[in-house]
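> My structure is in query.cif, and what it holds is mmCIF, C-alpha atoms:
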data_final
#
loop_
_atom_site.group_PDB
_atom_site.id
_atom_site.type_symbol
_atom_site.label_atom_id
_atom_site.label_comp_id
_atom_site.auth_asym_id
_atom_site.auth_seq_id
_atom_site.Cartn_x
_atom_site.Cartn_y
_atom_site.Cartn_z
ATOM 1 C CA MET A 183 -35.055 12.219 17.365
ATOM 2 C CA PRO A 184 -36.927 8.902 17.346
ATOM 3 C CA LYS A 185 -36.557 6.885 20.524
ATOM 4 C CA SER A 186 -38.587 3.749 19.921
ATOM 5 C CA VAL A 187 -35.469 1.534 20.044
ATOM 6 C CA GLU A 188 -34.618 2.835 23.498
ATOM 7 C CA ARG A 189 -38.172 2.307 24.720
ATOM 8 C CA THR A 190 -38.297 -1.200 23.251
ATOM 9 C CA ARG A 191 -34.906 -2.078 24.708
ATOM 10 C CA LYS A 192 -35.997 -0.839 28.131
ATOM 11 C CA ALA A 193 -39.214 -2.897 27.974
ATOM 12 C CA ILE A 194 -37.314 -6.053 26.991
ATOM 13 C CA VAL A 195 -34.687 -5.581 29.718
ATOM 14 C CA LYS A 196 -37.439 -5.044 32.269
ATOM 15 C CA LYS A 197 -39.187 -8.258 31.187
ATOM 16 C CA LYS A 198 -36.283 -10.612 30.371
ATOM 17 C CA GLY A 199 -33.111 -9.233 31.872
ATOM 18 C CA PRO A 200 -29.937 -8.368 29.974
ATOM 19 C CA ILE A 201 -30.186 -8.026 26.174
ATOM 20 C CA ASP A 202 -27.254 -10.438 25.771
ATOM 21 C CA SER A 203 -29.516 -13.367 26.605
ATOM 22 C CA LEU A 204 -31.558 -12.979 23.377
ATOM 23 C CA HIS A 205 -30.923 -15.331 20.492
ATOM 24 C CA GLN A 206 -30.919 -14.163 16.887
ATOM 25 C CA PHE A 207 -34.458 -15.165 15.866
ATOM 26 C CA SER A 208 -36.339 -14.505 19.087
ATOM 27 C CA ARG A 209 -39.490 -12.382 19.195
ATOM 28 C CA ASP A 210 -37.725 -9.772 21.278
ATOM 29 C CA SER A 211 -34.817 -9.446 18.845
ATOM 30 C CA LYS A 212 -37.356 -9.023 16.038
ATOM 31 C CA ARG A 213 -39.068 -6.286 18.100
ATOM 32 C CA LEU A 214 -35.734 -4.531 18.479
ATOM 33 C CA HIS A 215 -35.052 -4.853 14.764
ATOM 34 C CA ARG A 216 -38.495 -3.420 13.854
ATOM 35 C CA ALA A 217 -37.975 -0.527 16.249
ATOM 36 C CA GLN A 218 -34.571 0.206 14.717
ATOM 37 C CA MET A 219 -36.000 0.128 11.196
ATOM 38 C CA ARG A 220 -38.843 2.434 12.266
ATOM 39 C CA ASP A 221 -36.350 4.914 13.772
ATOM 40 C CA ASP A 222 -34.226 4.828 10.606
ATOM 41 C CA LYS A 223 -37.293 5.460 8.436
ATOM 42 C CA LEU A 224 -38.417 8.393 10.575
ATOM 43 C CA GLU A 225 -34.915 9.868 10.520
ATOM 44 C CA LYS A 226 -34.792 9.585 6.718
ATOM 45 C CA ILE A 227 -38.186 11.293 6.366
ATOM 46 C CA ALA A 228 -37.114 14.104 8.702
ATOM 47 C CA ALA A 229 -33.890 14.625 6.739
ATOM 48 C CA SER A 230 -35.752 14.854 3.426
ATOM 49 C CA ARG A 231 -38.226 17.328 4.936
ATOM 50 C CA ARG A 232 -35.398 19.506 6.254
ATOM 51 C CA LYS A 233 -33.785 19.452 2.803
ATOM 52 C CA LYS A 234 -37.078 20.484 1.175
ATOM 53 C CA ASP A 235 -37.693 23.263 3.712
ATOM 54 C CA LYS A 236 -34.175 24.688 3.609
ATOM 55 C CA PRO A 237 -34.694 27.095 0.629
ATOM 56 C CA TYR A 238 -37.601 28.856 2.372
ATOM 57 C CA ILE A 239 -35.616 29.217 5.583
ATOM 58 C CA GLU A 240 -32.611 30.609 3.662
ATOM 59 C CA ARG A 241 -34.878 33.001 1.748
ATOM 60 C CA THR A 242 -36.522 34.318 4.904
ATOM 61 C CA ALA A 243 -33.119 34.680 6.575
ATOM 62 C CA PHE A 244 -31.904 36.757 3.610
ATOM 63 C CA PHE A 245 -34.835 39.156 3.889
ATOM 64 C CA ARG A 246 -34.551 39.233 7.692
ATOM 65 C CA GLU A 247 -30.951 40.420 7.329
ATOM 66 C CA ALA A 248 -32.134 43.195 4.991
ATOM 67 C CA LEU A 249 -34.768 44.229 7.531
ATOM 68 C CA GLN A 250 -32.237 44.284 10.340
ATOM 69 C CA GLN A 251 -29.912 46.448 8.259
ATOM 70 C CA ASN A 252 -32.871 48.807 7.816
ATOM 71 C CA GLY A 253 -33.353 48.936 11.578
ATOM 72 C CA GLY A 254 -36.397 46.652 11.620
ATOM 73 C CA GLU A 255 -38.484 49.212 9.714
ATOM 74 C CA ALA A 256 -40.852 48.253 6.904
ATOM 75 C CA LEU A 257 -39.387 48.373 3.381
ATOM 76 C CA THR A 258 -40.793 50.106 0.306
ATOM 77 C CA ILE A 259 -41.810 48.073 -2.724
ATOM 78 C CA ASN A 260 -38.840 49.425 -4.756
ATOM 79 C CA VAL A 261 -36.355 48.259 -2.108
ATOM 80 C CA ILE A 262 -38.113 44.883 -1.962
ATOM 81 C CA GLN A 263 -37.817 44.535 -5.776
ATOM 82 C CA GLU A 264 -34.077 45.306 -5.556
ATOM 83 C CA LEU A 265 -33.673 42.717 -2.792
ATOM 84 C CA ILE A 266 -35.519 40.124 -4.868
ATOM 85 C CA ASN A 267 -33.212 40.857 -7.823
ATOM 86 C CA THR A 268 -30.190 40.482 -5.549
ATOM 87 C CA TYR A 269 -31.535 37.181 -4.221
ATOM 88 C CA VAL A 270 -32.372 35.826 -7.688
ATOM 89 C CA HIS A 271 -28.919 36.691 -9.059
ATOM 90 C CA GLN A 272 -26.896 35.574 -6.034
ATOM 91 C CA PHE A 273 -25.425 32.565 -7.856
ATOM 92 C CA ASP A 274 -24.353 34.450 -11.005
ATOM 93 C CA GLU A 275 -20.799 35.130 -9.786
ATOM 94 C CA GLU A 276 -20.285 31.535 -8.700
ATOM 95 C CA LEU A 277 -21.564 30.285 -12.062
ATOM 96 C CA ALA A 278 -19.183 32.637 -13.883
ATOM 97 C CA GLU A 279 -16.254 31.314 -11.824
ATOM 98 C CA VAL A 280 -17.171 27.701 -12.563
ATOM 99 C CA LYS A 281 -17.503 28.467 -16.290
ATOM 100 C CA LYS A 282 -14.194 30.321 -16.269
ATOM 101 C CA ALA A 283 -12.419 27.392 -14.588
ATOM 102 C CA ARG A 284 -13.662 24.960 -17.230
ATOM 103 C CA ARG A 285 -11.398 24.464 -20.240
ATOM 104 C CA PRO A 286 -12.876 25.086 -23.695
ATOM 105 C CA GLY A 287 -14.438 22.013 -25.218
ATOM 106 C CA GLN A 288 -15.017 20.293 -21.881
ATOM 107 C CA PRO A 289 -18.549 19.345 -20.922
ATOM 108 C CA ALA A 290 -20.186 21.218 -18.075
ATOM 109 C CA LYS A 291 -19.505 19.916 -14.584
ATOM 110 C CA PRO A 292 -22.404 18.810 -12.374
ATOM 111 C CA LYS A 293 -21.920 21.864 -10.143
ATOM 112 C CA GLU A 294 -22.359 24.147 -13.146
ATOM 113 C CA ASP A 295 -25.531 22.310 -14.165
ATOM 114 C CA LEU A 296 -26.934 22.585 -10.643
ATOM 115 C CA LEU A 297 -26.196 26.313 -10.523
ATOM 116 C CA LYS A 298 -27.878 26.828 -13.899
ATOM 117 C CA MET A 299 -30.948 24.945 -12.678
ATOM 118 C CA LYS A 300 -31.093 27.006 -9.452
ATOM 119 C CA ILE A 301 -30.800 30.266 -11.364
ATOM 120 C CA ALA A 302 -33.441 29.221 -13.910
ATOM 121 C CA ARG A 303 -35.828 28.148 -11.132
ATOM 122 C CA LEU A 304 -35.386 31.422 -9.248
ATOM 123 C CA GLN A 305 -35.850 33.494 -12.421
ATOM 124 C CA LYS A 306 -38.989 31.555 -13.333
ATOM 125 C CA GLU A 307 -40.369 32.062 -9.848
ATOM 126 C CA HIS A 308 -39.550 35.771 -10.058
ATOM 127 C CA GLN A 309 -41.514 36.047 -13.302
ATOM 128 C CA ASN A 310 -44.524 34.127 -11.971
ATOM 129 C CA GLY A 311 -44.468 35.545 -8.454
ATOM 130 C CA PHE A 312 -41.648 35.441 -5.907
ATOM 131 C CA LEU A 313 -42.825 34.115 -2.548
ATOM 132 C CA LEU A 314 -41.660 36.129 0.453
ATOM 133 C CA PRO A 315 -42.999 37.466 3.744
ATOM 134 C CA VAL A 316 -44.806 40.808 3.685
ATOM 135 C CA LEU A 317 -42.079 43.358 4.366
ATOM 136 C CA ASP A 318 -43.939 46.613 3.714
ATOM 137 C CA THR A 319 -46.147 46.566 6.819
ATOM 138 C CA PRO A 320 -44.636 47.436 10.222
ATOM 139 C CA GLU A 321 -46.361 44.535 12.040
ATOM 140 C CA ASN A 322 -45.109 41.804 9.729
ATOM 141 C CA ALA A 323 -41.703 43.461 9.326
ATOM 142 C CA SER A 324 -41.197 43.391 13.089
ATOM 143 C CA LEU A 325 -42.216 39.704 13.182
ATOM 144 C CA VAL A 326 -39.717 38.855 10.449
ATOM 145 C CA ALA A 327 -36.982 40.888 12.151
ATOM 146 C CA LYS A 328 -37.559 38.944 15.398
ATOM 147 C CA TRP A 329 -37.625 35.551 13.649
ATOM 148 C CA GLU A 330 -35.057 33.165 15.175
ATOM 149 C CA GLY A 331 -34.777 30.733 12.241
ATOM 150 C CA SER A 332 -37.313 27.993 12.969
ATOM 151 C CA TRP A 333 -39.607 26.483 10.354
ATOM 152 C CA SER A 334 -42.665 26.417 12.595
ATOM 153 C CA TYR A 335 -42.565 30.194 13.123
ATOM 154 C CA LEU A 336 -42.760 30.892 9.352
ATOM 155 C CA THR A 337 -46.512 30.269 9.320
ATOM 156 C CA ASN A 338 -47.036 33.284 11.610
ATOM 157 C CA PHE A 339 -46.003 35.692 8.841
ATOM 158 C CA LYS A 340 -48.243 37.056 6.127
ATOM 159 C CA TRP A 341 -46.895 36.021 2.730
ATOM 160 C CA VAL A 342 -47.133 37.527 -0.752
ATOM 161 C CA ARG A 343 -46.047 36.735 -4.285
ATOM 162 C CA ILE A 344 -44.367 39.668 -6.007
ATOM 163 C CA GLN A 345 -44.068 39.371 -9.772
ATOM 164 C CA ALA A 346 -41.292 40.892 -11.855
ATOM 165 C CA ASP A 347 -43.670 43.570 -13.185
ATOM 166 C CA GLY A 348 -44.453 44.677 -9.608
ATOM 167 C CA ALA A 349 -47.836 42.982 -9.145
ATOM 168 C CA VAL A 350 -48.391 41.874 -5.544
ATOM 169 C CA LYS A 351 -50.696 38.965 -4.712
ATOM 170 C CA PRO A 352 -51.403 37.491 -1.278
ATOM 171 C CA ALA A 353 -50.107 33.949 -0.796
ATOM 172 C CA VAL A 354 -50.275 31.146 1.725
ATOM 173 C CA PHE A 355 -47.428 29.389 3.453
ATOM 174 C CA PRO A 356 -46.295 26.669 3.009
ATOM 175 C CA PRO A 357 -46.794 26.907 -0.758
ATOM 176 C CA LYS A 358 -48.714 24.207 -2.529
ATOM 177 C CA GLY A 359 -46.749 23.311 -5.663
ATOM 178 C CA ASP A 360 -44.532 25.502 -7.836
ATOM 179 C CA HIS A 361 -45.734 28.635 -9.515
#
Transcribe the structure of this file into structure tokens.


Amino acid sequence: MPKSVERTRKAIVKKKGPIDSLHQFSRDSKRLHRAQMRDDKLEKIAASRRKKDKPYIERTAFFREALQQNGGEALTINVIQELINTYVHQFDEELAEVKKARRPGQPAKPKEDLLKMKIARLQKEHQNGFLLPVLDTPENASLVAKWEGSWSYLTNFKWVRIQADGAVKPAVFPPKGDH
């Protein structure tokens, strides 16, 4: 949480006295305004970063749950492929419900369009190589099972891209562009 406004306010109070004594166009009021704008900008950047990082956190949480159900043991490649299929098709039921609720002849609702785009993106990624932590080695599986949900800890895992045909390629995290 940015705190430059609080620091600026404290410096001005220390120098001048109460903030109430400032007039609208004084240098100190401009300093306060700049600090507020800087804090707002930093908050907006942090929010957009969290929004961009959310899919990778959700994905890792999904596979962590699967590992915990397996007792923290490493998974076989067949089980991993089934989990990837489950993850890729997780929105199918919701899309079917939204389509069913729509009357014939009506255009698609924005929610339906968003679900279609999510499903298409996940299927494309599955074809080209689905990014996930290595789950078939005991060391990495135990790291993923212990993961508490923070973004910064994701870089400690080894990552791979598993294609729909079963090909496994090492990958880096965070990914650079879409595959």

> Separation of CA of Glu225 in chain A and CA of Ile201 in chain A, in Å?

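So the answer is 24.2 Å.
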
> Evaluate the PyMOL selection byres ((chain A and resi 354) around 8) and record the selected residues as a PyMOL selection string, following the chain and residue labels used in the document.

chain A and resi 340-342+352-353+355-357

> Could you expand the PyMOL selection byres ((chain A and resi 295-305) around 12) into the explicit residues it covers here, written as JSON, numbers by chain?

{"A": [237, 241, 266, 267, 268, 269, 270, 271, 272, 273, 274, 275, 276, 277, 278, 279, 280, 281, 289, 290, 291, 292, 293, 294, 306, 307, 308, 309, 310, 311, 312, 313, 345, 346, 360, 361]}

> Would you compute the distance between CA of Arg191 in chain A and CA of Ile227 in chain A? Give it in Å to one decimal.

22.9 Å

> Find, counting all atoms listed in the file, the residue in A:Lys358, A:Lys351, A:Ala327, A:Ile344 that gets nearest to Glu264 in chain A.

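Answer, going by the shortest atom-to-atom distance: A:Ile344.
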
> Which distance in Å separates CA of Glu255 in chain A and CA of Ser324 in chain A, to one decimal?

7.3 Å

> Tell me, as an MDAnalysis selection string, which residues lie within 8 Å of range 318-320 of chain A, counting only C-alpha atoms; anything in the same chain fewer than 3 positions away does not count.

chainID A and resid 255:259 323:324

> Can you write out the residues you just picked, keeping C-alpha atoms, as a PDB file, in the coordinates of the input?


ATOM      1  CA  GLU A 255     -38.484  49.212   9.714  1.00  0.00           C
ATOM      2  CA  ALA A 256     -40.852  48.253   6.904  1.00  0.00           C
ATOM      3  CA  LEU A 257     -39.387  48.373   3.381  1.00  0.00           C
ATOM      4  CA  THR A 258     -40.793  50.106   0.306  1.00  0.00           C
ATOM      5  CA  ILE A 259     -41.810  48.073  -2.724  1.00  0.00           C
ATOM      6  CA  ALA A 323     -41.703  43.461   9.326  1.00  0.00           C
ATOM      7  CA  SER A 324     -41.197  43.391  13.089  1.00  0.00           C
TER       8      SER A 324
END

> Can you work out which one of A:Leu314, A:Leu204, A:Val187, A:Val326 has the shortest atom-to-atom distance to Gln263 in chain A, counting all atoms listed in the file?

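With all atoms listed in the file as the atom set, the closest residue is A:Leu314.
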
> Closest to Phe244 in chain A among A:Thr337, A:Leu265, A:Asp347, A:Ser208, using all atoms listed in the file?

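Selected residue with least distance to Phe244 in chain A: A:Leu265.
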
> Give as a PDB file with C-alpha atoms, keeping the file's coordinate frame each residue that has an atom at most 12 Å from (-42.3, 1.8, 23.0) in the file, counting all atoms listed in the file.


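In the end it all went to selection.pdb:
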ATOM      1  CA  PRO A 184     -36.927   8.902  17.346  1.00  0.00           C
ATOM      2  CA  LYS A 185     -36.557   6.885  20.524  1.00  0.00           C
ATOM      3  CA  SER A 186     -38.587   3.749  19.921  1.00  0.00           C
ATOM      4  CA  VAL A 187     -35.469   1.534  20.044  1.00  0.00           C
ATOM      5  CA  GLU A 188     -34.618   2.835  23.498  1.00  0.00           C
ATOM      6  CA  ARG A 189     -38.172   2.307  24.720  1.00  0.00           C
ATOM      7  CA  THR A 190     -38.297  -1.200  23.251  1.00  0.00           C
ATOM      8  CA  ARG A 191     -34.906  -2.078  24.708  1.00  0.00           C
ATOM      9  CA  LYS A 192     -35.997  -0.839  28.131  1.00  0.00           C
ATOM     10  CA  ALA A 193     -39.214  -2.897  27.974  1.00  0.00           C
ATOM     11  CA  ILE A 194     -37.314  -6.053  26.991  1.00  0.00           C
ATOM     12  CA  ARG A 213     -39.068  -6.286  18.100  1.00  0.00           C
ATOM     13  CA  LEU A 214     -35.734  -4.531  18.479  1.00  0.00           C
ATOM     14  CA  ARG A 216     -38.495  -3.420  13.854  1.00  0.00           C
ATOM     15  CA  ALA A 217     -37.975  -0.527  16.249  1.00  0.00           C
ATOM     16  CA  GLN A 218     -34.571   0.206  14.717  1.00  0.00           C
ATOM     17  CA  ARG A 220     -38.843   2.434  12.266  1.00  0.00           C
ATOM     18  CA  ASP A 221     -36.350   4.914  13.772  1.00  0.00           C
TER      19      ASP A 221
END

> Taking into account only C-alpha atoms, which residue in the set A:Lys223, A:Arg232, A:Ala349, A:Leu249 is nearest to Ser332 in chain A?

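Of the candidates, the smallest distance to Ser332 in chain A is held by A:Arg232.
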
> Find the axis-aligned box for range 334-344 of chain A, covering all its listed atoms and adding 8 Å on each side, and write its centre and edge lengths in Å to one decimal as JSON.


{"center_x": -45.4, "center_y": 33.0, "center_z": 3.6, "size_x": 21.7, "size_y": 29.3, "size_z": 35.1}

> Quick one: everything within 10 Å of Gly331 in chain A, counting all atoms listed in the file, minus sequence neighbours fewer than 5 positions away in the same chain. Send it as a PyMOL selection string.

chain A and resi 239-240+242-243+246+326+336

> Just to be explicit: take each residue in the selection above, keep C-alpha atoms, and write the result as a PDB file, keeping the file's coordinate frame.


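Done, and the output landed in part-v5.pdb:
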ATOM      1  CA  ILE A 239     -35.616  29.217   5.583  1.00  0.00           C
ATOM      2  CA  GLU A 240     -32.611  30.609   3.662  1.00  0.00           C
ATOM      3  CA  THR A 242     -36.522  34.318   4.904  1.00  0.00           C
ATOM      4  CA  ALA A 243     -33.119  34.680   6.575  1.00  0.00           C
ATOM      5  CA  ARG A 246     -34.551  39.233   7.692  1.00  0.00           C
ATOM      6  CA  VAL A 326     -39.717  38.855  10.449  1.00  0.00           C
ATOM      7  CA  LEU A 336     -42.760  30.892   9.352  1.00  0.00           C
TER       8      LEU A 336
END
